[in-house]
Structures are given as structure tokens and as C-alpha cells.
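Peer 1: Structure file protein17.txt, compact mmCIF, N, CA and C atoms, is pasted below:
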# COMPACT_ATOMS: atom_id res chain seq x y z
N GLN A 1 8.91 -7.60 17.93
CA GLN A 1 8.09 -8.31 16.97
C GLN A 1 7.49 -7.31 15.99
N VAL A 2 7.68 -7.57 14.70
CA VAL A 2 7.17 -6.67 13.66
C VAL A 2 5.67 -6.89 13.49
N GLN A 3 4.93 -5.80 13.54
CA GLN A 3 3.49 -5.88 13.30
C GLN A 3 3.06 -4.71 12.43
N LEU A 4 2.15 -4.97 11.52
CA LEU A 4 1.55 -3.93 10.69
C LEU A 4 0.03 -4.12 10.77
N VAL A 5 -0.66 -3.01 10.96
CA VAL A 5 -2.11 -3.06 11.08
C VAL A 5 -2.71 -2.04 10.13
N GLU A 6 -3.51 -2.53 9.18
CA GLU A 6 -4.15 -1.66 8.20
C GLU A 6 -5.54 -1.25 8.69
N SER A 7 -5.96 -0.08 8.27
CA SER A 7 -7.31 0.39 8.58
C SER A 7 -7.72 1.42 7.54
N GLY A 8 -9.00 1.77 7.55
CA GLY A 8 -9.47 2.84 6.68
C GLY A 8 -10.24 2.39 5.45
N GLY A 9 -10.34 1.09 5.25
CA GLY A 9 -11.10 0.61 4.10
C GLY A 9 -12.59 0.87 4.26
N GLY A 10 -13.32 0.59 3.20
CA GLY A 10 -14.76 0.77 3.25
C GLY A 10 -15.36 0.64 1.86
N SER A 11 -16.61 1.05 1.77
CA SER A 11 -17.33 1.00 0.50
C SER A 11 -17.59 2.42 0.00
N VAL A 12 -17.24 2.66 -1.23
CA VAL A 12 -17.45 3.98 -1.82
C VAL A 12 -17.96 3.82 -3.24
N GLN A 13 -18.54 4.89 -3.75
CA GLN A 13 -18.98 4.91 -5.14
C GLN A 13 -17.80 5.27 -6.05
N PRO A 14 -17.88 4.90 -7.30
CA PRO A 14 -16.82 5.30 -8.24
C PRO A 14 -16.61 6.80 -8.21
N GLY A 15 -15.34 7.18 -8.22
CA GLY A 15 -15.00 8.60 -8.11
C GLY A 15 -14.75 9.05 -6.70
N GLY A 16 -15.07 8.19 -5.73
CA GLY A 16 -14.88 8.54 -4.33
C GLY A 16 -13.45 8.39 -3.86
N SER A 17 -13.25 8.68 -2.58
CA SER A 17 -11.91 8.65 -1.99
C SER A 17 -11.91 7.86 -0.69
N LEU A 18 -10.77 7.30 -0.39
CA LEU A 18 -10.52 6.65 0.90
C LEU A 18 -9.06 6.90 1.27
N ARG A 19 -8.81 6.90 2.57
CA ARG A 19 -7.44 7.02 3.06
C ARG A 19 -7.14 5.80 3.93
N LEU A 20 -6.23 4.99 3.47
CA LEU A 20 -5.82 3.83 4.23
C LEU A 20 -4.65 4.19 5.14
N SER A 21 -4.65 3.60 6.32
CA SER A 21 -3.57 3.81 7.28
C SER A 21 -2.89 2.49 7.60
N CYS A 22 -1.61 2.57 7.89
CA CYS A 22 -0.84 1.40 8.25
C CYS A 22 -0.02 1.75 9.49
N GLU A 23 -0.38 1.14 10.60
CA GLU A 23 0.35 1.36 11.85
C GLU A 23 1.44 0.30 11.97
N VAL A 24 2.64 0.77 12.18
CA VAL A 24 3.79 -0.13 12.22
C VAL A 24 4.37 -0.17 13.63
N THR A 25 4.60 -1.35 14.14
CA THR A 25 5.27 -1.50 15.44
C THR A 25 6.37 -2.56 15.32
N GLY A 26 7.35 -2.46 16.17
CA GLY A 26 8.43 -3.44 16.17
C GLY A 26 9.62 -3.03 15.34
N PHE A 27 9.52 -1.97 14.58
CA PHE A 27 10.65 -1.42 13.85
C PHE A 27 10.29 0.03 13.46
N THR A 28 11.26 0.76 12.98
CA THR A 28 11.00 2.13 12.56
C THR A 28 10.96 2.22 11.03
N LEU A 29 10.36 3.27 10.53
CA LEU A 29 10.22 3.41 9.08
C LEU A 29 11.55 3.67 8.39
N GLU A 30 12.59 3.96 9.18
CA GLU A 30 13.92 4.09 8.60
C GLU A 30 14.56 2.73 8.31
N ASP A 31 13.96 1.68 8.87
CA ASP A 31 14.56 0.35 8.75
C ASP A 31 14.17 -0.38 7.48
N ALA A 32 13.01 -0.06 6.91
CA ALA A 32 12.54 -0.82 5.75
C ALA A 32 11.58 0.00 4.93
N ALA A 33 11.62 -0.21 3.63
CA ALA A 33 10.60 0.38 2.76
C ALA A 33 9.25 -0.26 3.09
N ILE A 34 8.20 0.50 2.86
CA ILE A 34 6.85 0.00 3.07
C ILE A 34 6.10 0.04 1.76
N GLY A 35 5.49 -1.06 1.42
CA GLY A 35 4.70 -1.13 0.21
C GLY A 35 3.25 -1.45 0.50
N TRP A 36 2.41 -1.10 -0.43
CA TRP A 36 1.01 -1.51 -0.38
C TRP A 36 0.77 -2.47 -1.55
N PHE A 37 0.13 -3.58 -1.26
CA PHE A 37 -0.31 -4.45 -2.34
C PHE A 37 -1.78 -4.78 -2.12
N ARG A 38 -2.42 -5.26 -3.15
CA ARG A 38 -3.84 -5.58 -3.04
C ARG A 38 -4.12 -6.96 -3.64
N GLN A 39 -5.17 -7.54 -3.15
CA GLN A 39 -5.57 -8.88 -3.58
C GLN A 39 -7.06 -8.88 -3.83
N ALA A 40 -7.44 -9.09 -5.08
CA ALA A 40 -8.85 -9.18 -5.42
C ALA A 40 -9.21 -10.66 -5.62
N PRO A 41 -10.47 -11.03 -5.38
CA PRO A 41 -10.87 -12.43 -5.53
C PRO A 41 -10.56 -12.94 -6.93
N GLY A 42 -9.89 -14.09 -7.01
CA GLY A 42 -9.59 -14.71 -8.29
C GLY A 42 -8.48 -14.05 -9.07
N LYS A 43 -7.80 -13.07 -8.46
CA LYS A 43 -6.72 -12.38 -9.17
C LYS A 43 -5.40 -12.52 -8.44
N GLU A 44 -4.33 -12.29 -9.17
CA GLU A 44 -3.00 -12.32 -8.58
C GLU A 44 -2.83 -11.13 -7.64
N ARG A 45 -1.97 -11.32 -6.65
CA ARG A 45 -1.60 -10.19 -5.80
C ARG A 45 -0.92 -9.13 -6.65
N GLU A 46 -1.26 -7.88 -6.40
CA GLU A 46 -0.74 -6.77 -7.20
C GLU A 46 -0.11 -5.72 -6.31
N GLY A 47 1.17 -5.48 -6.49
CA GLY A 47 1.82 -4.38 -5.81
C GLY A 47 1.31 -3.07 -6.35
N VAL A 48 1.06 -2.11 -5.48
CA VAL A 48 0.42 -0.86 -5.88
C VAL A 48 1.36 0.33 -5.72
N SER A 49 1.99 0.43 -4.57
CA SER A 49 2.80 1.62 -4.29
C SER A 49 3.83 1.29 -3.23
N CYS A 50 4.89 2.08 -3.21
CA CYS A 50 5.96 1.87 -2.24
C CYS A 50 6.57 3.20 -1.85
N ILE A 51 7.02 3.27 -0.60
CA ILE A 51 7.74 4.45 -0.14
C ILE A 51 9.07 3.98 0.43
N SER A 52 10.13 4.62 -0.04
CA SER A 52 11.48 4.22 0.35
C SER A 52 11.77 4.60 1.80
N ASN A 53 12.56 3.75 2.47
CA ASN A 53 12.96 4.08 3.84
C ASN A 53 14.13 5.05 3.86
N SER A 54 14.90 5.13 2.78
CA SER A 54 16.11 5.95 2.80
C SER A 54 15.83 7.43 2.61
N ASP A 55 15.03 7.75 1.59
CA ASP A 55 14.80 9.17 1.30
C ASP A 55 13.34 9.52 1.10
N GLY A 56 12.46 8.56 1.34
CA GLY A 56 11.04 8.84 1.22
C GLY A 56 10.54 8.92 -0.21
N SER A 57 11.36 8.46 -1.17
CA SER A 57 10.89 8.45 -2.56
C SER A 57 9.67 7.55 -2.68
N THR A 58 8.78 7.93 -3.58
CA THR A 58 7.53 7.18 -3.74
C THR A 58 7.42 6.62 -5.15
N TYR A 59 6.75 5.49 -5.25
CA TYR A 59 6.64 4.77 -6.51
C TYR A 59 5.23 4.21 -6.64
N TYR A 60 4.75 4.17 -7.90
CA TYR A 60 3.38 3.72 -8.15
C TYR A 60 3.33 2.88 -9.43
N VAL A 61 2.41 1.95 -9.46
CA VAL A 61 2.14 1.29 -10.73
C VAL A 61 1.28 2.23 -11.57
N ASP A 62 1.33 2.04 -12.88
CA ASP A 62 0.65 2.98 -13.78
C ASP A 62 -0.85 3.07 -13.53
N SER A 63 -1.46 1.98 -13.12
CA SER A 63 -2.91 1.97 -12.97
C SER A 63 -3.40 2.88 -11.85
N VAL A 64 -2.52 3.26 -10.93
CA VAL A 64 -2.95 4.13 -9.83
C VAL A 64 -2.22 5.47 -9.83
N LYS A 65 -1.27 5.62 -10.72
CA LYS A 65 -0.49 6.85 -10.76
C LYS A 65 -1.40 8.05 -11.02
N GLY A 66 -1.23 9.11 -10.24
CA GLY A 66 -2.07 10.28 -10.38
C GLY A 66 -3.34 10.21 -9.56
N ARG A 67 -3.67 9.04 -9.05
CA ARG A 67 -4.88 8.88 -8.22
C ARG A 67 -4.55 8.52 -6.77
N PHE A 68 -3.50 7.76 -6.57
CA PHE A 68 -3.10 7.33 -5.23
C PHE A 68 -1.85 8.10 -4.81
N THR A 69 -1.77 8.36 -3.51
CA THR A 69 -0.59 9.00 -2.95
C THR A 69 -0.18 8.27 -1.68
N ILE A 70 1.06 7.81 -1.64
CA ILE A 70 1.59 7.16 -0.45
C ILE A 70 2.41 8.18 0.33
N SER A 71 2.31 8.12 1.66
CA SER A 71 3.06 9.04 2.49
C SER A 71 3.36 8.36 3.83
N ARG A 72 4.19 9.01 4.61
CA ARG A 72 4.53 8.42 5.90
C ARG A 72 4.72 9.52 6.93
N ASN A 73 4.54 9.15 8.18
CA ASN A 73 4.81 10.03 9.31
C ASN A 73 5.77 9.25 10.21
N ASN A 74 7.04 9.59 10.12
CA ASN A 74 8.05 8.83 10.88
C ASN A 74 7.84 8.94 12.39
N ALA A 75 7.41 10.10 12.83
CA ALA A 75 7.22 10.31 14.27
C ALA A 75 6.14 9.39 14.84
N LYS A 76 5.12 9.13 14.01
CA LYS A 76 4.02 8.28 14.45
C LYS A 76 4.18 6.84 13.98
N ASN A 77 5.21 6.59 13.19
CA ASN A 77 5.42 5.26 12.60
C ASN A 77 4.19 4.79 11.82
N MET A 78 3.67 5.70 11.01
CA MET A 78 2.47 5.42 10.23
C MET A 78 2.76 5.63 8.75
N VAL A 79 2.12 4.84 7.93
CA VAL A 79 2.16 5.00 6.48
C VAL A 79 0.72 5.09 6.00
N TYR A 80 0.51 5.94 5.00
CA TYR A 80 -0.84 6.19 4.50
C TYR A 80 -0.91 5.95 3.00
N LEU A 81 -2.10 5.62 2.54
CA LEU A 81 -2.36 5.54 1.11
C LEU A 81 -3.65 6.30 0.84
N GLN A 82 -3.50 7.50 0.29
CA GLN A 82 -4.66 8.30 -0.09
C GLN A 82 -5.09 7.85 -1.47
N MET A 83 -6.34 7.45 -1.58
CA MET A 83 -6.86 6.93 -2.84
C MET A 83 -8.00 7.81 -3.31
N ASN A 84 -7.81 8.46 -4.43
CA ASN A 84 -8.82 9.33 -5.02
C ASN A 84 -9.29 8.77 -6.36
N SER A 85 -10.39 9.30 -6.83
CA SER A 85 -10.94 8.87 -8.13
C SER A 85 -11.01 7.35 -8.23
N LEU A 86 -11.54 6.75 -7.22
CA LEU A 86 -11.56 5.29 -7.16
C LEU A 86 -12.43 4.69 -8.26
N LYS A 87 -12.01 3.54 -8.73
CA LYS A 87 -12.70 2.84 -9.81
C LYS A 87 -13.12 1.45 -9.30
N PRO A 88 -14.11 0.85 -9.93
CA PRO A 88 -14.51 -0.50 -9.51
C PRO A 88 -13.35 -1.49 -9.54
N GLU A 89 -12.43 -1.32 -10.46
CA GLU A 89 -11.29 -2.24 -10.55
C GLU A 89 -10.30 -2.08 -9.41
N ASP A 90 -10.48 -1.06 -8.57
CA ASP A 90 -9.65 -0.91 -7.38
C ASP A 90 -10.16 -1.77 -6.22
N THR A 91 -11.30 -2.38 -6.38
CA THR A 91 -11.87 -3.22 -5.34
C THR A 91 -10.94 -4.39 -5.02
N ALA A 92 -10.58 -4.50 -3.75
CA ALA A 92 -9.64 -5.54 -3.31
C ALA A 92 -9.43 -5.41 -1.81
N VAL A 93 -8.75 -6.39 -1.24
CA VAL A 93 -8.22 -6.25 0.11
C VAL A 93 -6.82 -5.65 -0.03
N TYR A 94 -6.58 -4.59 0.72
CA TYR A 94 -5.32 -3.87 0.64
C TYR A 94 -4.47 -4.20 1.87
N PHE A 95 -3.20 -4.46 1.62
CA PHE A 95 -2.26 -4.81 2.66
C PHE A 95 -1.07 -3.86 2.61
N CYS A 96 -0.55 -3.50 3.78
CA CYS A 96 0.75 -2.84 3.82
C CYS A 96 1.77 -3.87 4.29
N ALA A 97 2.99 -3.69 3.81
CA ALA A 97 4.00 -4.71 4.08
C ALA A 97 5.38 -4.10 4.12
N THR A 98 6.27 -4.72 4.86
CA THR A 98 7.68 -4.36 4.78
C THR A 98 8.21 -4.92 3.47
N ASP A 99 8.98 -4.11 2.77
CA ASP A 99 9.50 -4.52 1.46
C ASP A 99 11.02 -4.56 1.52
N LEU A 100 11.57 -5.75 1.59
CA LEU A 100 13.01 -5.91 1.70
C LEU A 100 13.74 -5.62 0.38
N SER A 101 13.00 -5.45 -0.71
CA SER A 101 13.63 -5.14 -1.99
C SER A 101 13.85 -3.64 -2.17
N SER A 102 13.37 -2.87 -1.21
CA SER A 102 13.48 -1.40 -1.29
C SER A 102 12.80 -0.86 -2.54
N CYS A 103 11.55 -1.31 -2.75
CA CYS A 103 10.71 -0.78 -3.82
C CYS A 103 11.19 -1.22 -5.21
N TYR A 104 11.27 -2.52 -5.41
CA TYR A 104 11.73 -3.04 -6.70
C TYR A 104 10.57 -3.14 -7.69
N PHE A 105 10.73 -2.41 -8.80
CA PHE A 105 9.77 -2.45 -9.89
C PHE A 105 10.44 -3.10 -11.09
N SER A 106 9.67 -3.80 -11.89
CA SER A 106 10.19 -4.42 -13.10
C SER A 106 9.10 -4.49 -14.15
N GLY A 107 9.40 -3.98 -15.34
CA GLY A 107 8.43 -4.03 -16.42
C GLY A 107 7.12 -3.34 -16.09
N GLY A 108 7.22 -2.30 -15.26
CA GLY A 108 6.02 -1.57 -14.89
C GLY A 108 5.25 -2.16 -13.72
N TYR A 109 5.71 -3.32 -13.27
CA TYR A 109 5.05 -3.97 -12.14
C TYR A 109 5.86 -3.74 -10.86
N TYR A 110 5.13 -3.58 -9.77
CA TYR A 110 5.76 -3.47 -8.47
C TYR A 110 5.94 -4.89 -7.95
N VAL A 111 7.13 -5.37 -8.02
CA VAL A 111 7.42 -6.75 -7.64
C VAL A 111 7.60 -6.86 -6.13
N GLY A 112 8.51 -6.09 -5.60
CA GLY A 112 8.78 -6.06 -4.17
C GLY A 112 9.26 -7.40 -3.63
N TYR A 113 9.59 -7.38 -2.38
CA TYR A 113 9.90 -8.61 -1.62
C TYR A 113 9.28 -8.40 -0.25
N PHE A 114 8.02 -8.80 -0.15
CA PHE A 114 7.25 -8.52 1.05
C PHE A 114 7.56 -9.53 2.14
N ASP A 115 7.93 -9.00 3.29
CA ASP A 115 8.37 -9.85 4.38
C ASP A 115 7.30 -10.03 5.46
N SER A 116 6.72 -8.93 5.89
CA SER A 116 5.67 -8.97 6.91
C SER A 116 4.52 -8.09 6.44
N TRP A 117 3.32 -8.48 6.73
CA TRP A 117 2.15 -7.67 6.39
C TRP A 117 1.04 -7.90 7.39
N GLY A 118 0.05 -7.03 7.32
CA GLY A 118 -1.04 -7.09 8.27
C GLY A 118 -2.17 -7.97 7.78
N GLN A 119 -3.33 -7.76 8.38
CA GLN A 119 -4.50 -8.57 8.07
C GLN A 119 -5.26 -8.04 6.86
N GLY A 120 -4.94 -6.83 6.44
CA GLY A 120 -5.60 -6.25 5.28
C GLY A 120 -6.85 -5.47 5.64
N THR A 121 -7.25 -4.60 4.73
CA THR A 121 -8.48 -3.83 4.88
C THR A 121 -9.21 -3.84 3.54
N GLN A 122 -10.51 -4.10 3.59
CA GLN A 122 -11.30 -4.26 2.37
C GLN A 122 -11.68 -2.90 1.79
N VAL A 123 -11.47 -2.76 0.50
CA VAL A 123 -11.91 -1.58 -0.25
C VAL A 123 -12.87 -2.06 -1.33
N THR A 124 -14.07 -1.51 -1.32
CA THR A 124 -15.08 -1.88 -2.31
C THR A 124 -15.55 -0.62 -3.02
N VAL A 125 -15.43 -0.63 -4.33
CA VAL A 125 -15.86 0.52 -5.13
C VAL A 125 -16.99 0.05 -6.05
N SER A 126 -18.17 0.56 -5.77
CA SER A 126 -19.34 0.08 -6.50
C SER A 126 -20.43 1.12 -6.47
N SER A 127 -21.20 1.19 -7.55
CA SER A 127 -22.35 2.09 -7.58
C SER A 127 -23.61 1.36 -7.14
Represent the supplied structure as C-alpha cells.

Peer 2:
Amino acid sequence: QVQLVESGGGSVQPGGSLRLSCEVTGFTLEDAAIGWFRQAPGKEREGVSCISNSDGSTYYVDSVKGRFTISRNNAKNMVYLQMNSLKPEDTAVYFCATDLSSCYFSGGYYVGYFDSWGQGTQVTVSS
């Protein structure tokens, strides 16, 4: 059974950092790309970043490029999202998910095809 569990969210001031973790069970990171998407109240779901299962290539939407870093530890079956220079507009619930599209971007947006995801972790950026 595929399960993903996110952790590491919290409340920080603008300019602060957080590291989100995604524990994956039921499959290995070689089996599927893993993406992070976020959902803010009253807004559409937004794909943020993806890491390929084939070669570990990483992808980001422009709004987080240079501030967020996605990585993985295959031995631990963990995926991480390091978030630096956080802004109030980054406030959302963040989810990690299996991405059957293998990190499909279109028109600058991370579209993806999310199959399974966890319960999410809240990130709040506020002064």
C-alpha cells in the first residue's frame, strides 16, 4: 500500500526557512517521480517542485526557483523540500505526491499527474 507522510511545517517570519520531509512507504523512489504541491485557502492547487525517479533531475516553478530545493534519499525512501527566503505568499498546506507524469510542466506551470499524496503539512509565513 502506497503511503506518503509529510512533516516539517510550521510558522515562520518572512525570510525564514523550513525543511519539509516526505516519508514514502509501499514503493521505492525509483518507481515514481515525487512532486510537491501546495493548497492555500481559496486558491487553486499549485504544483511547486518535482524530482525525477529516473535520474534525480529537479524542477521548480518560477515563483520558488532559487529559494526552494527538492532532494531525495533513496536509502531512506525520503524526499525533502528545503524552503528558504520564505514569503507570505508561500503560506499553504504542502503535500508530497507520486507524480505519474514524471514531472510534467507546461507554460511554466507544474501540472503533474498526482496519484497518491499524504495529509499535508501547514506552512505559515507571517510577521

Peer 1: For the atom pair atom CA of A:Asp115 and atom CA of A:Gly8, what is the interatomic distance in Å to one decimal place?

Peer 2: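 Rounded to one decimal, the two atoms are 22.0 Å apart.
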
Peer 1: Atom C of A:Arg72 and atom N of A:Pro41 are how many Å apart?

Peer 2: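 We find that atom C of A:Arg72 and atom N of A:Pro41 lie 28.4 Å from each other.
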
Peer 1: Grab the atom CA of A:Ser17 to atom C of A:Gln82 distance for me, in Å with one decimal place.

Peer 2: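 Between atom CA of A:Ser17 and atom C of A:Gln82 the gap is 6.9 Å.
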
Peer 1: Quick one: everything within 6.5 Å of A:Ser52, counting only N, CA and C atoms, minus sequence neighbours fewer than 6 positions away in the same chain. Send it as an MDAnalysis selection string.

Peer 2: chainID A and resid 32:34 58:59 102:103

Peer 1: Write a file of the selected residues as an mmCIF file, in the coordinates of the input, keeping N, CA and C atoms.

Peer 2:
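The new file selection.cif reads:
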data_model
loop_
_atom_site.group_PDB
_atom_site.id
_atom_site.type_symbol
_atom_site.label_atom_id
_atom_site.label_comp_id
_atom_site.auth_asym_id
_atom_site.auth_seq_id
_atom_site.Cartn_x
_atom_site.Cartn_y
_atom_site.Cartn_z
ATOM 1 N N ALA A 32 13.010 -0.060 6.910
ATOM 2 C CA ALA A 32 12.540 -0.820 5.750
ATOM 3 C C ALA A 32 11.580 0.000 4.930
ATOM 4 N N ALA A 33 11.620 -0.210 3.630
ATOM 5 C CA ALA A 33 10.600 0.380 2.760
ATOM 6 C C ALA A 33 9.250 -0.260 3.090
ATOM 7 N N ILE A 34 8.200 0.500 2.860
ATOM 8 C CA ILE A 34 6.850 0.000 3.070
ATOM 9 C C ILE A 34 6.100 0.040 1.760
ATOM 10 N N THR A 58 8.780 7.930 -3.580
ATOM 11 C CA THR A 58 7.530 7.180 -3.740
ATOM 12 C C THR A 58 7.420 6.620 -5.150
ATOM 13 N N TYR A 59 6.750 5.490 -5.250
ATOM 14 C CA TYR A 59 6.640 4.770 -6.510
ATOM 15 C C TYR A 59 5.230 4.210 -6.640
ATOM 16 N N SER A 102 13.370 -2.870 -1.210
ATOM 17 C CA SER A 102 13.480 -1.400 -1.290
ATOM 18 C C SER A 102 12.800 -0.860 -2.540
ATOM 19 N N CYS A 103 11.550 -1.310 -2.750
ATOM 20 C CA CYS A 103 10.710 -0.780 -3.820
ATOM 21 C C CYS A 103 11.190 -1.220 -5.210
#

Peer 1: Got a sec: who's within 5 Å of A:Val2, counting all atoms listed in the file, leaving out chain neighbours fewer than 2 positions off, as a ChimeraX atom specification?

Peer 2: /A:4,25-26

Peer 1: Put those residues in a file: N, CA and C atoms, as a PDB file, in the coordinates of the input.

Peer 2:
ATOM      1  N   LEU A   4       2.150  -4.970  11.520  1.00  0.00           N
ATOM      2  CA  LEU A   4       1.550  -3.930  10.690  1.00  0.00           C
ATOM      3  C   LEU A   4       0.030  -4.120  10.770  1.00  0.00           C
ATOM      4  N   THR A  25       4.600  -1.350  14.140  1.00  0.00           N
ATOM      5  CA  THR A  25       5.270  -1.500  15.440  1.00  0.00           C
ATOM      6  C   THR A  25       6.370  -2.560  15.320  1.00  0.00           C
ATOM      7  N   GLY A  26       7.350  -2.460  16.170  1.00  0.00           N
ATOM      8  CA  GLY A  26       8.430  -3.440  16.170  1.00  0.00           C
ATOM      9  C   GLY A  26       9.620  -3.030  15.340  1.00  0.00           C
TER      10      GLY A  26
END

Peer 1: Using all atoms listed in the file for the distances, tell me which of A:Ser21, A:Leu86, A:Ile70, A:Leu81 is nearest to A:Ser57.

Peer 2: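 Among the listed residues, the smallest separation from A:Ser57 belongs to A:Ile70.
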
Peer 1: Choose the residue, out of A:Gly56, A:Gly47, A:Gly16, A:Gly35, that has the smallest atom-to-atom separation from A:Tyr110; count all atoms listed in the file.

Peer 2: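 Closest to A:Tyr110 of all the choices is A:Gly47.
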
Peer 1: Measuring atom to atom with only C-alpha atoms, identify which of A:Ala97, A:Cys50, A:Met83, A:Ala40 is nearest to A:Val24.

Peer 2: A:Ala97

Peer 1: From the set A:Phe95, A:Glu89, A:Leu100, A:Ala75, which residue has the shortest atom-to-atom contact distance to A:Gly118, counting all atoms listed in the file?

Peer 2: A:Phe95

Peer 1: Looking at all atoms listed in the file, which of A:Tyr60, A:Gln3, A:Ser11, A:Cys22 is the one that sits closest to A:Val79?

Peer 2: A:Cys22

Peer 1: Return as a PyMOL selection string the full set of residues in stretch 45-112 of chain A whose backbone-based DSSP assignment is strand (DSSP E).

Peer 2: chain A and resi 46-51+58-60+68-73+78-83+92-99+105-106+109-110

Peer 1: Limited to N, CA and C atoms, could you put the picked residues into a file as a compact mmCIF listing (two decimals), keeping the file's coordinate frame?

Peer 2:
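This went into result36.txt:
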# COMPACT_ATOMS: atom_id res chain seq x y z
N GLU A 46 -1.26 -7.88 -6.40
CA GLU A 46 -0.74 -6.77 -7.20
C GLU A 46 -0.11 -5.72 -6.31
N GLY A 47 1.17 -5.48 -6.49
CA GLY A 47 1.82 -4.38 -5.81
C GLY A 47 1.31 -3.07 -6.35
N VAL A 48 1.06 -2.11 -5.48
CA VAL A 48 0.42 -0.86 -5.88
C VAL A 48 1.36 0.33 -5.72
N SER A 49 1.99 0.43 -4.57
CA SER A 49 2.80 1.62 -4.29
C SER A 49 3.83 1.29 -3.23
N CYS A 50 4.89 2.08 -3.21
CA CYS A 50 5.96 1.87 -2.24
C CYS A 50 6.57 3.20 -1.85
N ILE A 51 7.02 3.27 -0.60
CA ILE A 51 7.74 4.45 -0.14
C ILE A 51 9.07 3.98 0.43
N THR A 58 8.78 7.93 -3.58
CA THR A 58 7.53 7.18 -3.74
C THR A 58 7.42 6.62 -5.15
N TYR A 59 6.75 5.49 -5.25
CA TYR A 59 6.64 4.77 -6.51
C TYR A 59 5.23 4.21 -6.64
N TYR A 60 4.75 4.17 -7.90
CA TYR A 60 3.38 3.72 -8.15
C TYR A 60 3.33 2.88 -9.43
N PHE A 68 -3.50 7.76 -6.57
CA PHE A 68 -3.10 7.33 -5.23
C PHE A 68 -1.85 8.10 -4.81
N THR A 69 -1.77 8.36 -3.51
CA THR A 69 -0.59 9.00 -2.95
C THR A 69 -0.18 8.27 -1.68
N ILE A 70 1.06 7.81 -1.64
CA ILE A 70 1.59 7.16 -0.45
C ILE A 70 2.41 8.18 0.33
N SER A 71 2.31 8.12 1.66
CA SER A 71 3.06 9.04 2.49
C SER A 71 3.36 8.36 3.83
N ARG A 72 4.19 9.01 4.61
CA ARG A 72 4.53 8.42 5.90
C ARG A 72 4.72 9.52 6.93
N ASN A 73 4.54 9.15 8.18
CA ASN A 73 4.81 10.03 9.31
C ASN A 73 5.77 9.25 10.21
N MET A 78 3.67 5.70 11.01
CA MET A 78 2.47 5.42 10.23
C MET A 78 2.76 5.63 8.75
N VAL A 79 2.12 4.84 7.93
CA VAL A 79 2.16 5.00 6.48
C VAL A 79 0.72 5.09 6.00
N TYR A 80 0.51 5.94 5.00
CA TYR A 80 -0.84 6.19 4.50
C TYR A 80 -0.91 5.95 3.00
N LEU A 81 -2.10 5.62 2.54
CA LEU A 81 -2.36 5.54 1.11
C LEU A 81 -3.65 6.30 0.84
N GLN A 82 -3.50 7.50 0.29
CA GLN A 82 -4.66 8.30 -0.09
C GLN A 82 -5.09 7.85 -1.47
N MET A 83 -6.34 7.45 -1.58
CA MET A 83 -6.86 6.93 -2.84
C MET A 83 -8.00 7.81 -3.31
N ALA A 92 -10.58 -4.50 -3.75
CA ALA A 92 -9.64 -5.54 -3.31
C ALA A 92 -9.43 -5.41 -1.81
N VAL A 93 -8.75 -6.39 -1.24
CA VAL A 93 -8.22 -6.25 0.11
C VAL A 93 -6.82 -5.65 -0.03
N TYR A 94 -6.58 -4.59 0.72
CA TYR A 94 -5.32 -3.87 0.64
C TYR A 94 -4.47 -4.20 1.87
N PHE A 95 -3.20 -4.46 1.62
CA PHE A 95 -2.26 -4.81 2.66
C PHE A 95 -1.07 -3.86 2.61
N CYS A 96 -0.55 -3.50 3.78
CA CYS A 96 0.75 -2.84 3.82
C CYS A 96 1.77 -3.87 4.29
N ALA A 97 2.99 -3.69 3.81
CA ALA A 97 4.00 -4.71 4.08
C ALA A 97 5.38 -4.10 4.12
N THR A 98 6.27 -4.72 4.86
CA THR A 98 7.68 -4.36 4.78
C THR A 98 8.21 -4.92 3.47
N ASP A 99 8.98 -4.11 2.77
CA ASP A 99 9.50 -4.52 1.46
C ASP A 99 11.02 -4.56 1.52
N PHE A 105 10.73 -2.41 -8.80
CA PHE A 105 9.77 -2.45 -9.89
C PHE A 105 10.44 -3.10 -11.09
N SER A 106 9.67 -3.80 -11.89
CA SER A 106 10.19 -4.42 -13.10
C SER A 106 9.10 -4.49 -14.15
N TYR A 109 5.71 -3.32 -13.27
CA TYR A 109 5.05 -3.97 -12.14
C TYR A 109 5.86 -3.74 -10.86
N TYR A 110 5.13 -3.58 -9.77
CA TYR A 110 5.76 -3.47 -8.47
C TYR A 110 5.94 -4.89 -7.95

Peer 1: Please determine, counting only N, CA and C atoms, which residue among A:Gly9, A:Gly120, A:Gly15, A:Gly108 has the shortest atom-to-atom distance to A:Asp62.

Peer 2: A:Gly108

Peer 1: Place a sphere of radius 6 Å on (8.1, -7.7, 6.4) in the file coordinates and name every protein, DNA or RNA residue with an atom inside or on its surface, counting all atoms listed in the file; give the answer as an MDAnalysis selection string.

Peer 2: chainID A and resid 97:99 114:117

Peer 1: Please export stretch 101-109 of chain A as a short mmCIF file (atom, residue, chain, number, x, y, z; two decimals), in the first residue's frame, restricted to N, CA and C atoms.

Peer 2:
data_model
loop_
_atom_site.label_atom_id
_atom_site.label_comp_id
_atom_site.auth_asym_id
_atom_site.auth_seq_id
_atom_site.Cartn_x
_atom_site.Cartn_y
_atom_site.Cartn_z
N SER A 101 3.17 11.58 -14.16
CA SER A 101 3.55 12.27 -15.39
C SER A 101 5.06 12.45 -15.51
N SER A 102 5.77 12.04 -14.48
CA SER A 102 7.24 12.19 -14.46
C SER A 102 7.65 13.65 -14.61
N CYS A 103 7.01 14.51 -13.79
CA CYS A 103 7.39 15.92 -13.70
C CYS A 103 7.00 16.70 -14.96
N TYR A 104 5.71 16.68 -15.29
CA TYR A 104 5.24 17.38 -16.47
C TYR A 104 4.95 18.85 -16.15
N PHE A 105 5.67 19.72 -16.86
CA PHE A 105 5.47 21.16 -16.76
C PHE A 105 4.89 21.66 -18.08
N SER A 106 4.07 22.69 -18.01
CA SER A 106 3.52 23.28 -19.22
C SER A 106 3.27 24.76 -18.99
N GLY A 107 3.79 25.58 -19.88
CA GLY A 107 3.57 27.02 -19.76
C GLY A 107 4.07 27.59 -18.44
N GLY A 108 5.12 26.98 -17.92
CA GLY A 108 5.68 27.47 -16.67
C GLY A 108 5.01 26.92 -15.42
N TYR A 109 3.94 26.17 -15.64
CA TYR A 109 3.22 25.58 -14.50
C TYR A 109 3.60 24.11 -14.36
#
